[in-house]
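Worksheet for the structure shown next.
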Amino acid sequence: MLEQAFNGLVGGAFLALLALGLAVIFGMLGVVNFAHGAFYMLGAFGAYVLLDSYGVSFWVALVAVPLALGVAGVVLERLFVRRLTPLDPLYNFLFTFGLALILQDVVKRQYGVQSQPYPRPAGLDGSVNLGLFDYPAYQVFVLAVSLAVCAAVWVVLARTRLGMIVRAATERPELTRALGIDVGRWVTPVFGFGIALAGLAGVLAAPMRAVNPLMGGDLIVTVFAVVVIGGLGSIFGSVAAGFGIGLVSALGNLYVPALSQTLVFILMAAVLLWRPAGLFGREDAPA
Amino acid sequence: MEVLGKAVALTATCALLAACGGGPGGGGGKISDDKIVLAVLNDQSGVYADLSGKSSVTAVEMAVADWKARLGDDAVTTDIEVVSVDHQNKPDIANSKAQELYDRQRADVILDVPTSSAALAVANVAKSKKKIFMDVGAATTALEGEQCNKYTFHYGYNTYMLANGTGATVTRDGAKNWYLVYPDYAFGQDMEASFTDAVKGAGGSIVRSDPAPFPNDNFSTFLLKAPGLSPKPQVIGTMQAGGDLVNLVKQYNEYKLRDKGIGLAVGLMFITDIHSLGPDALAGTKFTDAWYWNATPENRAWADEFQAKAGKRPSFPNAANYSAATQYLDAVQRAGTDGSDAVVEELEGHAFTDVFAKNGTIRPEDHLLTHDVSLAQVKPKSEVTEPWDYEKILSTIPAAEAFQPVSPDCSMG
């Protein structure tokens with residue numbers, strides 16, 4: 001039971017990282033990034049290609065791949081997203097959706113749909129004794145990284161000037177601008193950061209999940225549900241909902257396996273009925 | 001007289017269906033449009049694209065070239081075309097593409113069609129158009145059961161064969177208690193039922209059986225639960241396929257269940273799956289294989305030829321498509337026409353051995369191809385001597401035992 005709960009948190013770690021990226025992007029830009037799953041997939045493929053073709057280890061990939069994807073995110077924002085933001089939100093919706101399909105098919109063309117092999121990183125092969133039970137070391141590592149990243153983001157948001165600007169811009173963009181803060185300056189890096197988070201989740205997923213072009217598309221639906229449950233644009237909400245949903249689906253699998261597929265969406269419907277803006281969303285938030 | 005009668009009837013049918021299209025251009029009036037069209041309808045972009053897809057189109061093209069070379073001037077026609085279409089594993093697309101292939105592209109036979117629901121849709125089209133359909137890629141026994149029909153053939157494997165081979169053998173080898181995990185859709189449910197029967201039939205028991213979401217990337221709940229079940233299962237039987245299977249096996253290894261005395265048996269595994277996971281992830285896993293490229297020198301010779309064209313070692317659906325195309329062309333040759341009824345008559349009861357089917361027989365009662373299949377085991381990496389050298393053949397399951405008896409639900413009508 002405890003082991004299962006822990007296991008749910010590990011599953012939730014991926015959801016939280018992805019949801020966090022989606023939430024910061026949505027908060028800052030008002031863009032629902034449908035390509036998020038594709039960047040998660042690119043993260044995993046980046047790790048695979050680096051190892052397979054260049055012998056670059058998991059540890060280097062863990063830093064290099066998110067950085068590279070973050071830069072790609074910056075370029076993407078400058079070249080395309082920025083031009084579409086002033087228009088109807090539908091344009092960015094269509095753009096990111098189309099981008100996801102293109103990325104997925106490019107990878108499919110190159111590597112096929114079959115999953116690619118990726119070994120666990122050396123040093124994290126064994127298991128760790130967590131007091132009550134033994135647990136695979138790699139999964140403990142995933143959970144730790146995810147928690148650390150979420151905590152770091154929280155510290156940045158809560159304690160720094162940059163965080164204050166981002167929070168202010170997220171909640172009241174016009175008012176923030178009116179106060180003379182250059183919100184636009186921060187839009188690009190925040191977008192890149194959100195993409196980098198998706199890449200990080202992808203690299204973390206490579207050793208324990210199937211690395212194939214469809215991996216992002218399959219997961220992203222759940223992540224959207226997580227973001228909606230947490231409250232669109234609510235950064236704390238998305239992280240909390242990520243871990244919460246991980247936990248709920250693990251326990252759901254345990255007790256009512258037949259329902260596990262729908263459980264997340266039942267929960268989402270219930271939350272929306274009870275709190276239309278999500279658990280941590282603000283009722284009057286422009287969502 | 002008999003032959004003449006047939007030819008007259010055929011010409012009449014031809015005229016009625018307007019299937020003779022271009023008119024009597026050449027002398028070979030017995031071949032519609034003076035040419036034979038083989039259509040490969042399969043998944044060229046989704047989960048089954050790598051194990052069959054375009055590489056099976058290559059296999060069918062090889063079959064045509066080899067057939068022409070073998071028959072030379074004796075061939076009933078040398079004008080043979082291979083066309084291919086992506087059905088995206090969707091039954092509605094498969095349905096409309098099959099109609100288009102038979103009507104507009106003048107396909108004489110449709111081959112492959114993975115995904116059971118899509119295959120059943122095409123079987124219906126074949127029945128109503130009275131055109132031949134030889135399914136390779138789908139596993140459902142409904143094709144030769146309640147949904148069988150005169151123009152549909154099932155070629156290569158099915159859920160019964162997979163479950164019976166793996167389930168019964170592993171149980172007899174001592175793993176009496178099973179924990180089954182299956183994807184919650186038609187194929188998974190079929191497999192679960194077949195496995196349960198096979199395991200119980202061999203004296204084992206199912207401790208528990210859990211449906212998992214499909215697709216799913218996190219199987220840890222099921223895997224963590226396994227050691228705590230009572231009685232403790234000796235083996236986890238997974239019915240997952242493709243990416244889901246890869247996920248499950250990676251996580252099975254994460255939790256080191258093999259060290260905890262819980263083995264792994266896989267319902268449906270293709271050689272491409274072993275390739276994705278790396279042999280060590282699956283070392284020791286037993287499964288039923290319809291065909292393995294390195295099982296005999298003959299298979300290997302064919303695999304070399306295939307690799308020269310497709311750039312990789314063949315999966316069993318590749319070989320099965322090659323065989324189905326060859327057997328179809330041979331049947332046309334024997335019948336002297338590509339008229340469906342005459343070809344069906346030639347295929348029914350035909351017994352043969354070729355590179356894919358050893359001791360193959362096309363059962364006249366339900367149009368299922370029965371042939372010898374193998375119980376295989378994945379080699380550890382230390383024993384792998386060349387790329388794609390992943391399997392050790394443990395035993396041969398003879399054709400008569402490998403497949404189910406003719407189902408009473410099938411009536412050809």
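Following the order of the structure tokens, first chain is A, next is B, and so on, with residues numbered from 1 inside each chain and ligands from 1 in the order they appear.
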Produce a table with one row for each residue of chain A that has an atom at most 7 Å from any atom of chain B, each row naming the nearest atom pair and its distance in Å at one decimal; use only C-alpha atoms; arrange rows by chain and rising residue number; format as a tab-separated table.
residue	atom	partner	partner_atom	distance
A:Gln4	CA	B:Thr221	CA	6.2
A:Asn7	CA	B:Ser220	CA	6.9
A:Gly112	CA	B:Asp50	CA	6.2
A:Val113	CA	B:Val47	CA	5.8
A:Gln114	CA	B:Asp50	CA	6.1
A:Ser115	CA	B:Ser276	CA	5.2
A:Gln116	CA	B:Ser276	CA	4.9
A:Pro117	CA	B:Ser276	CA	5.0
A:Pro136	CA	B:Glu254	CA	6.0
A:Met208	CA	B:Lys250	CA	5.8
A:Arg209	CA	B:Asn247	CA	5.0
A:Ala210	CA	B:Asn247	CA	5.1
A:Ala250	CA	B:Thr221	CA	5.8
A:Asn253	CA	B:Thr221	CA	6.3
A:Leu254	CA	B:Thr221	CA	6.2
A:Pro257	CA	B:Pro211	CA	6.1
A:Ala258	CA	B:Pro211	CA	5.8
A:Ser260	CA	B:Pro213	CA	6.7
A:Gln261	CA	B:Pro213	CA	5.1
Those residues with C-alpha atoms, as a CSV table (one decimal), in the first residue's frame please?
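Produced file part15.csv, reproduced below:
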chain,number,residue,atom,x,y,z
A,4,GLN,CA,2.0,1.7,-4.2
A,7,ASN,CA,4.9,4.5,-6.8
A,112,GLY,CA,10.0,4.4,-37.1
A,113,VAL,CA,7.3,3.7,-34.5
A,114,GLN,CA,9.1,0.9,-32.8
A,115,SER,CA,10.5,1.9,-29.4
A,116,GLN,CA,14.2,2.5,-29.1
A,117,PRO,CA,16.3,0.9,-26.4
A,136,PRO,CA,14.3,0.9,-7.6
A,208,MET,CA,11.9,3.6,-17.7
A,209,ARG,CA,9.4,4.1,-20.4
A,210,ALA,CA,9.1,3.2,-24.1
A,250,ALA,CA,-1.9,4.3,-8.8
A,253,ASN,CA,-5.1,0.8,-10.7
A,254,LEU,CA,-4.8,-1.2,-7.5
A,257,PRO,CA,-8.2,-1.5,-12.5
A,258,ALA,CA,-11.1,-1.5,-15.0
A,260,SER,CA,-8.2,3.4,-14.1
A,261,GLN,CA,-8.3,4.8,-17.6
Please report as a Markdown table every residue of range 231-318 of chain B lying within 8 Å of range 372-378 of chain B, along with the nearest atom pair and their distance in Å (one decimal), using only C-alpha atoms.
| residue | atom | partner | partner_atom | distance |
| --- | --- | --- | --- | --- |
| B:Ile274 | CA | B:Val378 | CA | 7.9 |
| B:Pro279 | CA | B:Val378 | CA | 6.5 |
| B:Leu282 | CA | B:Val378 | CA | 6.2 |
| B:Ala283 | CA | B:Val378 | CA | 4.9 |
| B:Gly284 | CA | B:Val378 | CA | 5.2 |
| B:Thr285 | CA | B:Gln377 | CA | 5.5 |
| B:Lys286 | CA | B:Gln377 | CA | 4.4 |
| B:Phe287 | CA | B:Ala376 | CA | 5.4 |
| B:Thr288 | CA | B:Leu375 | CA | 4.6 |
| B:Asp289 | CA | B:Ser374 | CA | 5.3 |
| B:Ala290 | CA | B:Val373 | CA | 4.9 |
| B:Trp291 | CA | B:Val373 | CA | 6.6 |
Could you write out that same residue set with N, CA and C atoms as a compact mmCIF listing (two decimals), in the first residue's frame?
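After the write, result34.txt holds the following:
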# COMPACT_ATOMS: atom_id res chain seq x y z
N ILE B 274 11.71 -7.28 -29.39
CA ILE B 274 12.96 -7.68 -28.73
C ILE B 274 14.05 -6.69 -29.11
N PRO B 279 17.97 -7.58 -26.02
CA PRO B 279 17.67 -8.95 -25.60
C PRO B 279 17.79 -9.14 -24.09
N LEU B 282 14.73 -8.99 -21.90
CA LEU B 282 13.74 -10.05 -22.05
C LEU B 282 14.34 -11.44 -21.92
N ALA B 283 15.65 -11.50 -21.66
CA ALA B 283 16.34 -12.80 -21.68
C ALA B 283 15.56 -13.85 -20.90
N GLY B 284 15.37 -15.00 -21.52
CA GLY B 284 14.68 -16.09 -20.84
C GLY B 284 13.18 -16.12 -21.06
N THR B 285 12.62 -15.02 -21.57
CA THR B 285 11.17 -14.96 -21.77
C THR B 285 10.76 -15.94 -22.88
N LYS B 286 9.70 -16.69 -22.60
CA LYS B 286 9.21 -17.64 -23.59
C LYS B 286 7.99 -17.08 -24.30
N PHE B 287 7.90 -17.35 -25.57
CA PHE B 287 6.72 -16.92 -26.32
C PHE B 287 6.55 -17.80 -27.56
N THR B 288 5.37 -17.73 -28.16
CA THR B 288 5.11 -18.52 -29.35
C THR B 288 5.41 -17.68 -30.58
N ASP B 289 6.17 -18.24 -31.49
CA ASP B 289 6.52 -17.49 -32.69
C ASP B 289 6.03 -18.27 -33.91
N ALA B 290 5.41 -17.55 -34.84
CA ALA B 290 4.91 -18.20 -36.04
C ALA B 290 6.05 -18.56 -36.99
N TRP B 291 7.15 -17.83 -36.90
CA TRP B 291 8.25 -18.03 -37.84
C TRP B 291 9.44 -17.22 -37.34
Quick one, how far is CA of Trp388 in chain B from CA of Trp302 in chain B?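 Going from CA of Trp388 in chain B over to CA of Trp302 in chain B covers 14.7 Å.
Compared by their closest atoms to Ser411 in chain B, and using only C-alpha atoms, the residues B:Val113, B:Ala142, B:Ala168, B:Ala94 rank with B:Ala142 nearest.
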Can you list, as a compact mmCIF listing (two decimals) with N, CA and C atoms, in the first residue's frame, every protein, DNA or RNA residue that comes within 7 Å of range 156-159 of chain B when you count only C-alpha atoms, leaving out same-chain residues fewer than 2 positions away?
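Writing the result to selection_28.txt gives the following:
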# COMPACT_ATOMS: atom_id res chain seq x y z
N VAL B 136 -3.18 -11.48 -42.71
CA VAL B 136 -1.96 -11.94 -42.05
C VAL B 136 -1.82 -11.28 -40.68
N ALA B 139 -5.08 -10.89 -35.27
CA ALA B 139 -4.96 -12.10 -34.46
C ALA B 139 -6.30 -12.73 -34.11
N THR B 140 -7.40 -12.06 -34.37
CA THR B 140 -8.67 -12.55 -33.85
C THR B 140 -9.11 -13.86 -34.50
N THR B 141 -9.62 -14.78 -33.68
CA THR B 141 -10.13 -16.05 -34.20
C THR B 141 -11.52 -15.88 -34.81
N HIS B 154 -7.37 -16.73 -43.26
CA HIS B 154 -6.57 -16.20 -42.15
C HIS B 154 -5.23 -16.93 -42.15
N MET B 161 -3.48 -19.70 -31.06
CA MET B 161 -2.13 -20.23 -31.24
C MET B 161 -1.16 -19.62 -30.22
N LEU B 162 -1.27 -18.31 -30.01
CA LEU B 162 -0.36 -17.62 -29.08
C LEU B 162 -0.58 -18.11 -27.66
N ALA B 163 -1.86 -18.16 -27.26
CA ALA B 163 -2.17 -18.51 -25.88
C ALA B 163 -1.85 -19.96 -25.62
N ASP B 190 -9.66 -10.92 -25.77
CA ASP B 190 -9.56 -12.21 -26.47
C ASP B 190 -8.40 -13.04 -25.94
N MET B 191 -7.27 -12.36 -25.84
CA MET B 191 -6.05 -13.05 -25.40
C MET B 191 -6.21 -13.55 -23.98
N SER B 194 -8.33 -16.63 -24.00
CA SER B 194 -7.61 -17.78 -24.56
C SER B 194 -6.54 -18.28 -23.60
N ALA B 290 5.41 -17.55 -34.84
CA ALA B 290 4.91 -18.20 -36.04
C ALA B 290 6.05 -18.56 -36.99
N ALA B 320 5.06 -14.15 -43.74
CA ALA B 320 3.71 -14.65 -43.97
C ALA B 320 3.07 -13.95 -45.18
N LEU B 369 -5.17 -21.05 -42.16
CA LEU B 369 -3.93 -21.75 -42.49
C LEU B 369 -3.36 -22.33 -41.21
Neighbour list for range 92-102 of chain A as number ranges by chain, cut-off 6 Å, only C-alpha atoms, skip fewer than 6 positions in-chain: A: 33-35, 38, 84
File dump, residues just selected, N, CA and C atoms, as a PDB file, in the first residue's frame:
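Final output, saved to again21.pdb:
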ATOM      1  N   ASN A  33      -0.091  25.158 -24.966  1.00  0.00           N
ATOM      2  CA  ASN A  33       0.936  24.565 -25.819  1.00  0.00           C
ATOM      3  C   ASN A  33       0.655  23.087 -26.111  1.00  0.00           C
ATOM      4  N   PHE A  34       0.020  22.856 -27.244  1.00  0.00           N
ATOM      5  CA  PHE A  34      -0.298  21.479 -27.603  1.00  0.00           C
ATOM      6  C   PHE A  34       0.945  20.689 -28.011  1.00  0.00           C
ATOM      7  N   ALA A  35       2.026  21.374 -28.276  1.00  0.00           N
ATOM      8  CA  ALA A  35       3.249  20.674 -28.690  1.00  0.00           C
ATOM      9  C   ALA A  35       4.050  20.184 -27.484  1.00  0.00           C
ATOM     10  N   ALA A  38       5.079  16.639 -27.603  1.00  0.00           N
ATOM     11  CA  ALA A  38       6.098  16.394 -28.624  1.00  0.00           C
ATOM     12  C   ALA A  38       7.486  16.750 -28.107  1.00  0.00           C
ATOM     13  N   LEU A  84       1.767  35.265 -33.310  1.00  0.00           N
ATOM     14  CA  LEU A  84       0.383  34.787 -33.265  1.00  0.00           C
ATOM     15  C   LEU A  84      -0.327  35.215 -31.980  1.00  0.00           C
TER      16      LEU A  84
END
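Taking CA of Glu81 in chain B as the reference point, CA of Ile31 in chain B is found at 12.8 Å.
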In Å to one decimal, how far is CA of Val37 in chain B from CA of Arg106 in chain B?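 Between these atoms lies a distance of 6.6 Å.
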Could you pull the residues within 9 Å of Tyr135 in chain A, counting only C-alpha atoms, minus those fewer than 4 positions along the same chain, as a ChimeraX atom specification? /A:3,7,126-130,139-140 /B:254-255
Smallest atom-to-atom distance to Gly72 in chain B: which of B:Gly339, B:Tyr151, B:Gly267, B:Gln333, using only C-alpha atoms?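 With only C-alpha atoms as the atom set, the closest residue is B:Gln333.
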Fewer than 2 positions away in the same chain doesn't count, so skip those; otherwise give me all residues within 12 Å of Lys54 in chain B, counting only C-alpha atoms, as a PyMOL selection string. (chain A and resi 112) or (chain B and resi 40-46+48-52+56-61+82-86+112+309-311+314+317-318+321)
Can you write just those residues out, N, CA and C atoms, as an mmCIF file, in the first residue's frame?
data_model
loop_
_atom_site.group_PDB
_atom_site.id
_atom_site.type_symbol
_atom_site.label_atom_id
_atom_site.label_comp_id
_atom_site.auth_asym_id
_atom_site.auth_seq_id
_atom_site.Cartn_x
_atom_site.Cartn_y
_atom_site.Cartn_z
ATOM 1 N N GLY A 112 11.049 5.357 -37.144
ATOM 2 C CA GLY A 112 9.971 4.374 -37.128
ATOM 3 C C GLY A 112 9.182 4.467 -35.834
ATOM 4 N N VAL B 40 -1.744 -4.576 -50.740
ATOM 5 C CA VAL B 40 -1.363 -4.713 -49.339
ATOM 6 C C VAL B 40 -2.020 -3.560 -48.589
ATOM 7 N N LEU B 41 -2.935 -3.897 -47.691
ATOM 8 C CA LEU B 41 -3.645 -2.881 -46.912
ATOM 9 C C LEU B 41 -3.189 -3.043 -45.473
ATOM 10 N N ASN B 42 -2.346 -2.130 -45.006
ATOM 11 C CA ASN B 42 -1.859 -2.300 -43.632
ATOM 12 C C ASN B 42 -1.462 -0.964 -43.009
ATOM 13 N N ASP B 43 -0.892 -1.065 -41.824
ATOM 14 C CA ASP B 43 -0.546 0.125 -41.052
ATOM 15 C C ASP B 43 0.826 0.611 -41.502
ATOM 16 N N GLN B 44 0.872 1.783 -42.128
ATOM 17 C CA GLN B 44 2.162 2.263 -42.611
ATOM 18 C C GLN B 44 2.654 3.464 -41.824
ATOM 19 N N SER B 45 1.922 3.839 -40.777
ATOM 20 C CA SER B 45 2.364 5.003 -40.010
ATOM 21 C C SER B 45 2.209 4.825 -38.507
ATOM 22 N N GLY B 46 1.487 3.821 -38.067
ATOM 23 C CA GLY B 46 1.199 3.695 -36.641
ATOM 24 C C GLY B 46 2.019 2.618 -35.959
ATOM 25 N N TYR B 48 1.997 -0.601 -35.850
ATOM 26 C CA TYR B 48 2.427 -1.834 -36.508
ATOM 27 C C TYR B 48 3.264 -1.566 -37.758
ATOM 28 N N ALA B 49 3.600 -0.289 -37.996
ATOM 29 C CA ALA B 49 4.276 0.064 -39.242
ATOM 30 C C ALA B 49 5.655 -0.590 -39.363
ATOM 31 N N ASP B 50 6.350 -0.740 -38.237
ATOM 32 C CA ASP B 50 7.707 -1.274 -38.340
ATOM 33 C C ASP B 50 7.756 -2.786 -38.495
ATOM 34 N N LEU B 51 6.792 -3.474 -37.892
ATOM 35 C CA LEU B 51 6.891 -4.925 -37.951
ATOM 36 C C LEU B 51 6.264 -5.479 -39.223
ATOM 37 N N SER B 52 5.405 -4.693 -39.875
ATOM 38 C CA SER B 52 4.870 -5.136 -41.163
ATOM 39 C C SER B 52 4.938 -3.945 -42.115
ATOM 40 N N SER B 56 6.351 -5.249 -45.525
ATOM 41 C CA SER B 56 5.545 -6.347 -46.075
ATOM 42 C C SER B 56 5.195 -6.095 -47.535
ATOM 43 N N VAL B 57 5.105 -4.829 -47.925
ATOM 44 C CA VAL B 57 4.912 -4.527 -49.348
ATOM 45 C C VAL B 57 6.136 -5.031 -50.124
ATOM 46 N N THR B 58 7.316 -4.774 -49.563
ATOM 47 C CA THR B 58 8.547 -5.300 -50.170
ATOM 48 C C THR B 58 8.494 -6.826 -50.277
ATOM 49 N N ALA B 59 8.017 -7.470 -49.209
ATOM 50 C CA ALA B 59 7.946 -8.939 -49.214
ATOM 51 C C ALA B 59 7.020 -9.425 -50.320
ATOM 52 N N VAL B 60 5.888 -8.742 -50.511
ATOM 53 C CA VAL B 60 4.934 -9.150 -51.558
ATOM 54 C C VAL B 60 5.546 -8.909 -52.940
ATOM 55 N N GLU B 61 6.267 -7.815 -53.085
ATOM 56 C CA GLU B 61 6.939 -7.568 -54.369
ATOM 57 C C GLU B 61 7.969 -8.660 -54.660
ATOM 58 N N VAL B 82 1.559 -4.677 -57.711
ATOM 59 C CA VAL B 82 1.391 -4.640 -56.259
ATOM 60 C C VAL B 82 1.065 -3.202 -55.864
ATOM 61 N N VAL B 83 -0.057 -3.019 -55.181
ATOM 62 C CA VAL B 83 -0.388 -1.679 -54.693
ATOM 63 C C VAL B 83 -0.468 -1.743 -53.171
ATOM 64 N N SER B 84 -0.319 -0.591 -52.509
ATOM 65 C CA SER B 84 -0.427 -0.616 -51.055
ATOM 66 C C SER B 84 -1.115 0.638 -50.543
ATOM 67 N N VAL B 85 -1.823 0.470 -49.436
ATOM 68 C CA VAL B 85 -2.578 1.570 -48.832
ATOM 69 C C VAL B 85 -2.435 1.487 -47.316
ATOM 70 N N ASP B 86 -2.398 2.657 -46.687
ATOM 71 C CA ASP B 86 -2.321 2.743 -45.228
ATOM 72 C C ASP B 86 -3.738 2.776 -44.651
ATOM 73 N N ASP B 112 -2.570 -8.776 -45.728
ATOM 74 C CA ASP B 112 -2.099 -8.246 -44.437
ATOM 75 C C ASP B 112 -3.207 -7.761 -43.499
ATOM 76 N N LYS B 309 16.861 -6.154 -49.774
ATOM 77 C CA LYS B 309 15.868 -5.219 -50.317
ATOM 78 C C LYS B 309 15.296 -4.284 -49.263
ATOM 79 N N ALA B 310 15.051 -4.803 -48.066
ATOM 80 C CA ALA B 310 14.354 -4.007 -47.044
ATOM 81 C C ALA B 310 15.308 -3.407 -46.023
ATOM 82 N N GLY B 311 16.552 -3.866 -46.010
ATOM 83 C CA GLY B 311 17.530 -3.294 -45.099
ATOM 84 C C GLY B 311 17.428 -3.772 -43.670
ATOM 85 N N PRO B 314 13.675 -9.936 -41.553
ATOM 86 C CA PRO B 314 12.209 -9.996 -41.635
ATOM 87 C C PRO B 314 11.559 -10.411 -40.319
ATOM 88 N N PRO B 317 5.368 -11.492 -39.823
ATOM 89 C CA PRO B 317 4.365 -11.020 -40.791
ATOM 90 C C PRO B 317 4.952 -10.761 -42.184
ATOM 91 N N ASN B 318 6.227 -10.346 -42.272
ATOM 92 C CA ASN B 318 6.865 -10.174 -43.573
ATOM 93 C C ASN B 318 6.863 -11.495 -44.331
ATOM 94 N N ASN B 321 3.335 -12.661 -45.339
ATOM 95 C CA ASN B 321 2.797 -11.956 -46.501
ATOM 96 C C ASN B 321 3.428 -12.478 -47.791
#
DSSP-assigned strand (DSSP E or B) among range 46-268 of chain A, expressed as a ChimeraX atom specification: /A:116,127-129,134-136,211
So that I have them on file, write out the residues from the current selection with N, CA and C atoms, as a tab-separated table (two decimals), in the first residue's frame.
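Final output, part-v4.tsv:
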chain	number	residue	atom	x	y	z
A	116	GLN	N	12.71	2.64	-29.03
A	116	GLN	CA	14.16	2.54	-29.06
A	116	GLN	C	14.68	2.12	-27.69
A	127	SER	N	18.62	-1.05	-6.10
A	127	SER	CA	17.46	-0.50	-5.40
A	127	SER	C	17.92	0.12	-4.09
A	128	VAL	N	17.04	0.95	-3.55
A	128	VAL	CA	17.36	1.70	-2.34
A	128	VAL	C	16.42	1.22	-1.25
A	129	ASN	N	16.94	1.08	-0.05
A	129	ASN	CA	16.07	0.70	1.05
A	129	ASN	C	15.45	1.97	1.64
A	134	ASP	N	12.07	-1.91	-0.27
A	134	ASP	CA	13.12	-1.58	-1.24
A	134	ASP	C	12.45	-0.99	-2.47
A	135	TYR	N	13.13	-0.01	-3.07
A	135	TYR	CA	12.54	0.61	-4.24
A	135	TYR	C	13.62	0.84	-5.28
A	136	PRO	N	13.30	0.66	-6.58
A	136	PRO	CA	14.33	0.86	-7.61
A	136	PRO	C	14.96	2.25	-7.49
A	211	VAL	N	10.55	4.52	-25.51
A	211	VAL	CA	10.95	5.72	-26.26
A	211	VAL	C	10.47	5.56	-27.70
Among listed residues A:Tyr111, A:Phe191, A:Phe243, A:Tyr255, nearest Leu76 in chain A (using only C-alpha atoms):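 Comparing A:Tyr111, A:Phe191, A:Phe243, A:Tyr255 against Leu76 in chain A, the winner is A:Phe191.
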Within 6 Å of range 42-55 of chain A: each range 200-277 of chain A residue with its shortest pair, only C-alpha atoms, as CSV:
residue,atom,partner,partner_atom,distance
A:Gly202,CA,A:Gly43,CA,4.3
A:Val203,CA,A:Ala44,CA,4.5
A:Ala206,CA,A:Ala44,CA,5.0
If you keep N, CA and C atoms, can you produce a file of those selected residues as a PDB file, in the first residue's frame?
ATOM      1  N   GLY A 202      11.264  14.248 -20.476  1.00  0.00           N
ATOM      2  CA  GLY A 202      11.518  13.253 -21.515  1.00  0.00           C
ATOM      3  C   GLY A 202      12.803  12.475 -21.265  1.00  0.00           C
ATOM      4  N   VAL A 203      13.881  13.186 -20.915  1.00  0.00           N
ATOM      5  CA  VAL A 203      15.146  12.493 -20.636  1.00  0.00           C
ATOM      6  C   VAL A 203      14.956  11.548 -19.451  1.00  0.00           C
ATOM      7  N   ALA A 206      13.231   8.292 -20.477  1.00  0.00           N
ATOM      8  CA  ALA A 206      13.865   7.354 -21.414  1.00  0.00           C
ATOM      9  C   ALA A 206      14.248   6.012 -20.796  1.00  0.00           C
TER      10      ALA A 206
END
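Taking only C-alpha atoms into account, Pro408 in chain B lies nearest to B:Glu365 out of the set B:Ile80, B:Glu365, B:Asp259, B:Trp67.
Among the candidates A:Ala19, A:Leu263, A:Val153, A:Leu197, the one nearest to Phe39 in chain A when counting only C-alpha atoms is A:Leu197.
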